[in-house]
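Notes to accompany the following structure.
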Amino acid sequence: MLNAGGKLGKALGLAALLILAACEVAEPVAPPPTTPEQRPIGLVPPALPPAPIAATPSDASRALSVHFQRLQNDLMARGLLRTDGGGPDTTFTDTVLARNFVRIALFDEFVMTPTGLRAQPTLSRLRRWEVPVKFTVQYGATIPEDQRLEDSQNVRNYVSRLSRVSGQPMSMNDTDPNFHVLILNEDDRLGFEGELRALVPGIDDASVGAFLNVPRDTLCLVLAFSQDGNPQYSQAVALIRGEHPDLMRLACIHEELAQGLGLANDSPQARPSIFNDDEEFGLLTTHDELLLKMLYDDRLQTGMAAAEAAPIARVIATELTNSGPS
(Lines give C-alpha, C1' and ligand atoms only; values in the text may rest on other atoms or scores of the structure.)
Protein backbone atom coordinates (compact mmCIF):
# COMPACT_ATOMS: atom_id res chain seq x y z
CA MET A 1 0.00 0.00 0.00
CA LEU A 2 1.11 3.52 -0.78
CA ASN A 3 -0.31 6.61 0.78
CA ALA A 4 0.76 10.04 -0.34
CA GLY A 5 0.21 13.50 1.00
CA GLY A 6 1.32 16.95 -0.01
CA LYS A 7 0.99 20.69 0.60
CA LEU A 8 -0.44 23.39 -0.36
CA GLY A 9 -3.76 21.72 0.15
CA LYS A 10 -2.61 18.80 -1.94
CA ALA A 11 -3.07 15.79 0.35
CA LEU A 12 -2.83 12.92 -2.06
CA GLY A 13 -4.38 9.60 -1.12
CA LEU A 14 -4.00 6.56 -3.33
CA ALA A 15 -3.87 2.83 -2.94
CA ALA A 16 -1.51 0.54 -4.79
CA LEU A 17 -0.60 -3.04 -4.05
CA LEU A 18 3.10 -3.23 -3.42
CA ILE A 19 5.28 -5.80 -1.77
CA LEU A 20 8.17 -3.86 -0.34
CA ALA A 21 11.28 -5.26 1.25
CA ALA A 22 12.73 -3.40 4.20
CA CYS A 23 15.68 -1.16 3.46
CA GLU A 24 18.91 -2.69 4.51
CA VAL A 25 21.63 -0.27 5.54
CA ALA A 26 25.07 -1.73 5.99
CA GLU A 27 26.71 -1.15 9.35
CA PRO A 28 29.62 1.28 9.09
CA VAL A 29 33.01 -0.36 9.20
CA ALA A 30 35.18 0.93 12.03
CA PRO A 31 38.51 2.42 10.85
CA PRO A 32 41.72 0.65 11.91
CA PRO A 33 43.36 1.93 15.10
CA THR A 34 45.79 4.77 14.55
CA THR A 35 48.72 6.20 16.45
CA PRO A 36 49.89 9.82 16.47
CA GLU A 37 51.92 10.62 13.40
CA GLN A 38 55.64 11.16 14.10
CA ARG A 39 57.15 14.23 12.41
CA PRO A 40 60.64 15.72 12.69
CA ILE A 41 60.58 18.82 14.88
CA GLY A 42 60.25 22.04 12.94
CA LEU A 43 58.40 20.65 9.91
CA VAL A 44 54.97 22.16 9.16
CA PRO A 45 52.23 19.54 8.76
CA PRO A 46 50.49 19.48 5.39
CA ALA A 47 47.41 21.66 5.08
CA LEU A 48 44.03 20.00 5.46
CA PRO A 49 41.91 19.77 2.30
CA PRO A 50 39.26 22.50 2.07
CA ALA A 51 35.75 21.70 3.26
CA PRO A 52 33.42 20.64 0.45
CA ILE A 53 31.40 23.47 -1.04
CA ALA A 54 27.75 22.95 -1.95
CA ALA A 55 27.05 22.87 -5.66
CA THR A 56 25.65 26.08 -7.13
CA PRO A 57 21.86 25.97 -7.70
CA SER A 58 20.70 26.33 -11.28
CA ASP A 59 18.81 29.33 -12.65
CA ALA A 60 15.60 27.30 -12.40
CA SER A 61 16.20 26.58 -8.73
CA ARG A 62 16.99 30.22 -7.97
CA ALA A 63 13.83 31.27 -9.78
CA LEU A 64 11.83 28.90 -7.58
CA SER A 65 13.42 30.44 -4.49
CA VAL A 66 12.22 33.87 -5.59
CA HIS A 67 8.73 32.53 -6.35
CA PHE A 68 8.35 30.80 -3.00
CA GLN A 69 9.65 33.81 -1.08
CA ARG A 70 6.98 35.93 -2.75
CA LEU A 71 4.37 33.28 -1.96
CA GLN A 72 5.35 33.20 1.70
CA ASN A 73 5.28 37.02 1.86
CA ASP A 74 1.79 37.04 0.34
CA LEU A 75 0.45 34.38 2.72
CA MET A 76 1.84 36.15 5.77
CA ALA A 77 0.52 39.53 4.59
CA ARG A 78 -2.96 37.95 4.56
CA GLY A 79 -2.54 36.64 8.12
CA LEU A 80 -1.91 33.04 7.03
CA LEU A 81 0.79 30.54 8.01
CA ARG A 82 -0.04 31.20 11.66
CA THR A 83 2.37 29.73 14.20
CA ASP A 84 0.30 30.28 17.39
CA GLY A 85 -1.34 26.84 17.45
CA GLY A 86 -4.85 28.29 17.69
CA GLY A 87 -6.52 30.49 20.27
CA PRO A 88 -9.81 32.04 21.42
CA ASP A 89 -10.80 32.66 17.81
CA THR A 90 -10.49 28.97 16.91
CA THR A 91 -12.32 27.04 19.61
CA PHE A 92 -13.70 23.58 18.82
CA THR A 93 -15.84 20.98 20.55
CA ASP A 94 -15.43 17.27 21.08
CA THR A 95 -17.95 16.66 18.29
CA VAL A 96 -15.96 18.78 15.85
CA LEU A 97 -12.71 17.07 16.86
CA ALA A 98 -14.19 13.60 16.33
CA ARG A 99 -15.61 14.54 12.93
CA ASN A 100 -12.32 16.06 11.84
CA PHE A 101 -10.51 12.90 12.91
CA VAL A 102 -12.70 10.77 10.67
CA ARG A 103 -12.26 13.16 7.73
CA ILE A 104 -8.47 13.35 8.10
CA ALA A 105 -7.45 9.88 9.31
CA LEU A 106 -10.03 7.74 7.52
CA PHE A 107 -10.35 9.32 4.08
CA ASP A 108 -8.14 9.63 1.02
CA GLU A 109 -8.42 12.78 -1.08
CA PHE A 110 -7.15 11.42 -4.40
CA VAL A 111 -7.36 8.14 -6.29
CA MET A 112 -4.96 6.72 -8.83
CA THR A 113 -6.31 6.29 -12.35
CA PRO A 114 -4.60 5.05 -15.55
CA THR A 115 -3.99 8.69 -16.47
CA GLY A 116 -2.76 9.82 -13.05
CA LEU A 117 -4.21 11.19 -9.83
CA ARG A 118 -7.81 12.38 -9.65
CA ALA A 119 -9.41 14.34 -6.82
CA GLN A 120 -12.02 12.03 -5.31
CA PRO A 121 -12.59 11.78 -1.54
CA THR A 122 -12.66 8.08 -0.73
CA LEU A 123 -13.22 6.16 2.51
CA SER A 124 -10.13 4.33 3.70
CA ARG A 125 -8.96 2.39 6.73
CA LEU A 126 -7.06 3.64 9.76
CA ARG A 127 -3.37 3.65 8.90
CA ARG A 128 -0.48 4.17 11.29
CA TRP A 129 2.89 2.80 12.41
CA GLU A 130 3.09 -0.26 14.64
CA VAL A 131 6.90 -0.23 14.82
CA PRO A 132 9.21 2.51 16.13
CA VAL A 133 9.54 5.32 13.59
CA LYS A 134 13.19 6.12 12.88
CA PHE A 135 13.77 9.39 11.05
CA THR A 136 16.76 10.56 9.08
CA VAL A 137 17.36 13.76 7.12
CA GLN A 138 19.15 13.73 3.78
CA TYR A 139 20.17 16.83 1.81
CA GLY A 140 20.79 17.50 -1.83
CA ALA A 141 24.20 18.72 -2.93
CA THR A 142 22.93 22.26 -3.49
CA ILE A 143 21.61 22.79 0.07
CA PRO A 144 23.95 25.16 1.96
CA GLU A 145 25.45 24.15 5.30
CA ASP A 146 23.67 26.76 7.42
CA GLN A 147 20.30 25.59 6.10
CA ARG A 148 21.22 21.98 6.82
CA LEU A 149 22.03 22.80 10.44
CA GLU A 150 18.75 24.67 10.90
CA ASP A 151 16.59 22.03 9.24
CA SER A 152 18.23 19.14 11.09
CA GLN A 153 17.53 20.82 14.42
CA ASN A 154 13.94 21.59 13.42
CA VAL A 155 13.31 17.97 12.42
CA ARG A 156 14.93 16.69 15.61
CA ASN A 157 12.79 18.96 17.79
CA TYR A 158 9.62 18.09 15.89
CA VAL A 159 10.23 14.34 16.06
CA SER A 160 10.54 14.63 19.85
CA ARG A 161 7.24 16.51 19.95
CA LEU A 162 5.44 14.01 17.70
CA SER A 163 6.64 11.10 19.83
CA ARG A 164 5.64 12.80 23.08
CA VAL A 165 2.18 13.74 21.78
CA SER A 166 1.32 10.44 20.08
CA GLY A 167 2.99 8.04 22.50
CA GLN A 168 4.49 6.21 19.52
CA PRO A 169 8.25 5.54 19.79
CA MET A 170 10.10 7.87 17.42
CA SER A 171 13.74 8.90 17.16
CA MET A 172 16.44 10.18 14.86
CA ASN A 173 18.39 7.25 13.44
CA ASP A 174 20.90 7.49 10.59
CA THR A 175 21.83 3.80 10.78
CA ASP A 176 18.54 2.02 10.23
CA PRO A 177 15.90 4.63 9.30
CA ASN A 178 12.42 3.92 7.99
CA PHE A 179 11.23 7.54 7.55
CA HIS A 180 13.45 9.52 5.17
CA VAL A 181 13.12 13.31 5.16
CA LEU A 182 14.62 14.54 1.89
CA ILE A 183 15.40 18.24 1.60
CA LEU A 184 16.21 18.78 -2.04
CA ASN A 185 16.42 21.65 -4.47
CA GLU A 186 15.01 21.20 -7.96
CA ASP A 187 18.38 20.11 -9.35
CA ASP A 188 18.83 17.50 -6.61
CA ARG A 189 15.31 16.08 -6.94
CA LEU A 190 15.37 15.60 -10.71
CA GLY A 191 18.40 13.35 -10.41
CA PHE A 192 17.17 11.41 -7.37
CA GLU A 193 15.43 8.46 -9.01
CA GLY A 194 18.22 5.97 -8.37
CA GLU A 195 18.52 6.91 -4.70
CA LEU A 196 14.75 6.84 -4.25
CA ARG A 197 14.56 3.31 -5.63
CA ALA A 198 17.38 2.30 -3.29
CA LEU A 199 15.60 3.82 -0.28
CA VAL A 200 12.33 2.01 -1.08
CA PRO A 201 13.08 -1.31 -2.81
CA GLY A 202 10.13 -2.35 -4.95
CA ILE A 203 8.72 1.16 -5.31
CA ASP A 204 6.49 1.34 -8.38
CA ASP A 205 6.89 3.70 -11.31
CA ALA A 206 3.78 5.71 -10.41
CA SER A 207 5.26 6.60 -7.02
CA VAL A 208 8.59 7.50 -8.57
CA GLY A 209 6.78 9.69 -11.08
CA ALA A 210 4.88 11.47 -8.29
CA PHE A 211 8.22 12.27 -6.67
CA LEU A 212 10.04 13.38 -9.82
CA ASN A 213 7.24 15.27 -11.58
CA VAL A 214 6.11 17.72 -8.92
CA PRO A 215 4.03 20.71 -10.09
CA ARG A 216 5.19 24.07 -8.81
CA ASP A 217 2.07 24.50 -6.67
CA THR A 218 2.81 21.28 -4.78
CA LEU A 219 5.18 22.56 -2.13
CA CYS A 220 6.06 19.24 -0.53
CA LEU A 221 4.78 15.68 -0.29
CA VAL A 222 5.10 12.43 1.59
CA LEU A 223 4.89 8.86 0.34
CA ALA A 224 4.09 6.24 2.99
CA PHE A 225 4.37 2.53 2.23
CA SER A 226 3.31 -0.75 3.81
CA GLN A 227 3.99 -4.37 3.01
CA ASP A 228 1.55 -6.70 1.29
CA GLY A 229 -1.21 -4.07 1.20
CA ASN A 230 -1.51 -3.95 4.99
CA PRO A 231 -2.46 -0.69 6.75
CA GLN A 232 0.63 -0.72 8.97
CA TYR A 233 3.26 1.64 7.59
CA SER A 234 6.78 0.30 7.17
CA GLN A 235 8.50 3.05 5.14
CA ALA A 236 7.96 6.71 4.37
CA VAL A 237 9.71 9.31 2.22
CA ALA A 238 8.99 13.03 2.63
CA LEU A 239 10.09 15.55 0.01
CA ILE A 240 10.70 19.10 1.25
CA ARG A 241 11.64 21.66 -1.38
CA GLY A 242 14.94 23.26 -0.40
CA GLU A 243 14.03 26.45 -2.24
CA HIS A 244 11.40 27.39 0.36
CA PRO A 245 12.06 30.27 2.75
CA ASP A 246 12.45 29.31 6.40
CA LEU A 247 8.84 29.38 7.60
CA MET A 248 7.41 27.64 4.56
CA ARG A 249 10.08 24.96 4.82
CA LEU A 250 9.25 24.43 8.49
CA ALA A 251 5.53 24.31 7.63
CA CYS A 252 6.25 21.55 5.12
CA ILE A 253 8.21 19.60 7.73
CA HIS A 254 5.30 19.88 10.17
CA GLU A 255 2.62 18.77 7.74
CA GLU A 256 4.44 16.03 5.84
CA LEU A 257 5.87 14.27 8.89
CA ALA A 258 2.47 14.29 10.59
CA GLN A 259 0.72 13.08 7.43
CA GLY A 260 3.30 10.32 7.12
CA LEU A 261 2.23 9.08 10.55
CA GLY A 262 -1.32 8.44 9.34
CA LEU A 263 -3.18 11.78 9.20
CA ALA A 264 -3.27 11.51 5.44
CA ASN A 265 -6.15 13.71 4.31
CA ASP A 266 -7.05 17.42 4.34
CA SER A 267 -10.43 18.87 5.26
CA PRO A 268 -11.80 22.39 4.74
CA GLN A 269 -13.76 21.96 8.00
CA ALA A 270 -10.64 21.32 10.12
CA ARG A 271 -9.76 24.38 12.22
CA PRO A 272 -7.38 25.21 13.77
CA SER A 273 -5.35 22.77 11.72
CA ILE A 274 -2.54 22.36 9.23
CA PHE A 275 -4.67 19.68 7.55
CA ASN A 276 -6.66 22.30 5.67
CA ASP A 277 -6.17 23.73 2.20
CA ASP A 278 -6.60 27.33 3.37
CA GLU A 279 -3.06 27.59 4.84
CA GLU A 280 -4.33 29.57 7.83
CA PHE A 281 -1.97 27.61 10.07
CA GLY A 282 1.61 26.78 9.15
CA LEU A 283 2.64 24.73 12.18
CA LEU A 284 1.04 21.87 14.10
CA THR A 285 -1.79 23.16 16.29
CA THR A 286 -3.28 22.04 19.60
CA HIS A 287 -6.18 20.56 17.61
CA ASP A 288 -3.72 18.56 15.49
CA GLU A 289 -1.92 17.26 18.58
CA LEU A 290 -5.24 15.83 19.75
CA LEU A 291 -5.71 14.16 16.35
CA LEU A 292 -2.34 12.44 16.81
CA LYS A 293 -3.28 11.31 20.32
CA MET A 294 -6.48 9.84 18.93
CA LEU A 295 -4.71 8.15 16.02
CA TYR A 296 -2.36 6.25 18.33
CA ASP A 297 -4.88 5.51 21.09
CA ASP A 298 -4.90 1.78 21.88
CA ARG A 299 -8.69 1.66 21.65
CA LEU A 300 -8.39 2.18 17.92
CA GLN A 301 -6.95 -0.63 15.84
CA THR A 302 -4.87 -0.30 12.70
CA GLY A 303 -7.00 -1.23 9.72
CA MET A 304 -10.34 -0.20 11.26
CA ALA A 305 -12.99 1.06 8.85
CA ALA A 306 -14.51 4.49 9.42
CA ALA A 307 -17.85 3.11 10.60
CA GLU A 308 -16.12 1.07 13.29
CA ALA A 309 -13.63 3.76 14.32
CA ALA A 310 -15.99 6.75 14.44
CA PRO A 311 -17.86 5.86 17.67
CA ILE A 312 -14.58 5.15 19.44
CA ALA A 313 -13.12 8.39 18.16
CA ARG A 314 -16.09 10.28 19.65
CA VAL A 315 -15.42 8.79 23.09
CA ILE A 316 -11.71 9.65 22.92
CA ALA A 317 -12.42 13.16 21.65
CA THR A 318 -14.79 13.80 24.56
CA GLU A 319 -12.15 12.67 27.02
CA LEU A 320 -9.43 14.79 25.41
CA THR A 321 -11.48 17.98 25.29
CA ASN A 322 -12.91 17.28 28.75
CA SER A 323 -16.14 18.88 27.61
CA GLY A 324 -18.66 16.18 28.41
CA PRO A 325 -21.62 15.31 26.16
CA SER A 326 -22.56 17.84 23.50
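We label chains A, B, ... in the order they appear in the C-alpha coordinates, count residues from 1 in each chain, and number ligands from 1 in the order shown.
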
With DSSP run on the backbone, what are the helix (DSSP H, G or I) residues within stretch 47-214 of chain A? I'd like them as an MDAnalysis selection string.
chainID A and resid 59:77 88:90 94:105 145:166 186:190 193:199 205:212

Which residues are close to A:Ala98, i.e. within 10 Å by only C-alpha atoms, leaving aside same-chain residues fewer than 5 positions away? Reply as a PyMOL selection string.
chain A and resi 93+103+290-291+294+310-318

Determine which residues of stretch 90-235 of chain A DSSP labels as strand (DSSP E or B) from the backbone of this structure, then write them out as a PyMOL selection string.
chain A and resi 107-113+116-123+125+128-129+133-139+170-172+179-184+220-226+232-235

A straight line from atom CA of A:Leu247 to atom CA of A:Thr285 spans 15.1 Å

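Across A:Met76, A:Val133, A:Ile203, A:Leu300, the tightest approach to A:Ser160 is made by A:Val133 when counting only C-alpha atoms.
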
Near A:Gln168, within 9 Å and counting only C-alpha atoms, which residues show up once chain neighbours fewer than 5 positions away are dropped, as a list in words?
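In the requested format, the answer is Trp129, Glu130, Val131, Pro132, Val133, Leu162, Ser163 and Tyr296 of chain A.
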
Interatomic distance between atom CA of A:Gln259 and atom CA of A:Asn100?
14.1 Å

Long-range neighbours of A:Arg62 as a PyMOL selection string, 12 Å cut-off, only C-alpha atoms, 2 positions minimum in chain:
chain A and resi 56-60+64-69+142-143+185-187+242-245

What gap, in Å, lies between atom CA of A:Leu261 and atom CA of A:Leu126?
10.8 Å

So that I can check the surroundings of A:Phe135, please list as an MDAnalysis selection string every protein, DNA and RNA residue that reaches within 9 Å of it, counting only C-alpha atoms and ignoring chain neighbours fewer than 6 positions away.
chainID A and resid 155:156 159 170:174 176:181

Using only C-alpha atoms, which of A:Gln235, A:Ile183, A:Asn213, A:Thr321 sits nearest A:Pro201?
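For A:Pro201, the nearest of the given residues is A:Gln235.
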
Find the residues near A:Glu289: any atom within 8 Å, counting only C-alpha atoms, skip ones fewer than 4 places away on the same chain, and give them as a ChimeraX atom specification.
/A:165-166,284-285,293

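Excluding A:Asp188 itself and any same-chain residue fewer than 3 positions from it, the protein and nucleic acid residues within 8 Å of it, counting only C-alpha atoms, are Gly140, Ala141, Thr142, Leu184, Asn185, Gly191 and Phe192 of chain A.
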
Selected residues, all heavy atoms, written as a PDB file, in the first residue's frame, please.
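Writing the result to out.pdb gives the following:
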```pdb
ATOM      1  N   GLY A 140      20.218  17.445  -0.497  1.00  0.00           N
ATOM      2  CA  GLY A 140      20.795  17.504  -1.828  1.00  0.00           C
ATOM      3  C   GLY A 140      22.097  18.281  -1.820  1.00  0.00           C
ATOM      4  O   GLY A 140      22.381  19.057  -0.894  1.00  0.00           O
ATOM      5  N   ALA A 141      22.866  18.107  -2.866  1.00  0.00           N
ATOM      6  CA  ALA A 141      24.196  18.716  -2.934  1.00  0.00           C
ATOM      7  C   ALA A 141      24.147  20.234  -2.959  1.00  0.00           C
ATOM      8  O   ALA A 141      25.131  20.903  -2.607  1.00  0.00           O
ATOM      9  CB  ALA A 141      24.938  18.196  -4.169  1.00  0.00           C
ATOM     10  N   THR A 142      23.005  20.806  -3.367  1.00  0.00           N
ATOM     11  CA  THR A 142      22.932  22.262  -3.494  1.00  0.00           C
ATOM     12  C   THR A 142      22.378  22.948  -2.242  1.00  0.00           C
ATOM     13  O   THR A 142      22.167  24.166  -2.245  1.00  0.00           O
ATOM     14  CB  THR A 142      22.056  22.654  -4.706  1.00  0.00           C
ATOM     15  OG1 THR A 142      20.732  22.169  -4.500  1.00  0.00           O
ATOM     16  CG2 THR A 142      22.626  22.082  -5.993  1.00  0.00           C
ATOM     17  N   LEU A 184      15.557  18.745  -0.740  1.00  0.00           N
ATOM     18  CA  LEU A 184      16.205  18.779  -2.042  1.00  0.00           C
ATOM     19  C   LEU A 184      15.778  20.022  -2.814  1.00  0.00           C
ATOM     20  O   LEU A 184      14.599  20.387  -2.812  1.00  0.00           O
ATOM     21  CB  LEU A 184      15.825  17.544  -2.870  1.00  0.00           C
ATOM     22  CG  LEU A 184      15.976  16.167  -2.215  1.00  0.00           C
ATOM     23  CD1 LEU A 184      15.418  15.095  -3.143  1.00  0.00           C
ATOM     24  CD2 LEU A 184      17.430  15.876  -1.877  1.00  0.00           C
ATOM     25  N   ASN A 185      16.741  20.637  -3.483  1.00  0.00           N
ATOM     26  CA  ASN A 185      16.417  21.649  -4.471  1.00  0.00           C
ATOM     27  C   ASN A 185      15.994  20.970  -5.767  1.00  0.00           C
ATOM     28  O   ASN A 185      16.133  19.749  -5.932  1.00  0.00           O
ATOM     29  CB  ASN A 185      17.600  22.573  -4.707  1.00  0.00           C
ATOM     30  CG  ASN A 185      17.762  23.604  -3.602  1.00  0.00           C
ATOM     31  OD1 ASN A 185      16.810  23.937  -2.902  1.00  0.00           O
ATOM     32  ND2 ASN A 185      18.972  24.111  -3.442  1.00  0.00           N
ATOM     33  N   GLY A 191      17.433  14.427 -10.237  1.00  0.00           N
ATOM     34  CA  GLY A 191      18.399  13.348 -10.409  1.00  0.00           C
ATOM     35  C   GLY A 191      18.353  12.321  -9.307  1.00  0.00           C
ATOM     36  O   GLY A 191      19.323  11.572  -9.109  1.00  0.00           O
ATOM     37  N   PHE A 192      17.220  12.226  -8.589  1.00  0.00           N
ATOM     38  CA  PHE A 192      17.166  11.409  -7.374  1.00  0.00           C
ATOM     39  C   PHE A 192      16.530  10.039  -7.588  1.00  0.00           C
ATOM     40  O   PHE A 192      16.397   9.265  -6.650  1.00  0.00           O
ATOM     41  CB  PHE A 192      16.376  12.168  -6.289  1.00  0.00           C
ATOM     42  CG  PHE A 192      16.729  11.764  -4.892  1.00  0.00           C
ATOM     43  CD1 PHE A 192      17.872  12.238  -4.284  1.00  0.00           C
ATOM     44  CD2 PHE A 192      15.901  10.912  -4.177  1.00  0.00           C
ATOM     45  CE1 PHE A 192      18.197  11.857  -2.991  1.00  0.00           C
ATOM     46  CE2 PHE A 192      16.209  10.533  -2.886  1.00  0.00           C
ATOM     47  CZ  PHE A 192      17.370  11.014  -2.289  1.00  0.00           C
TER      48      PHE A 192
END
```
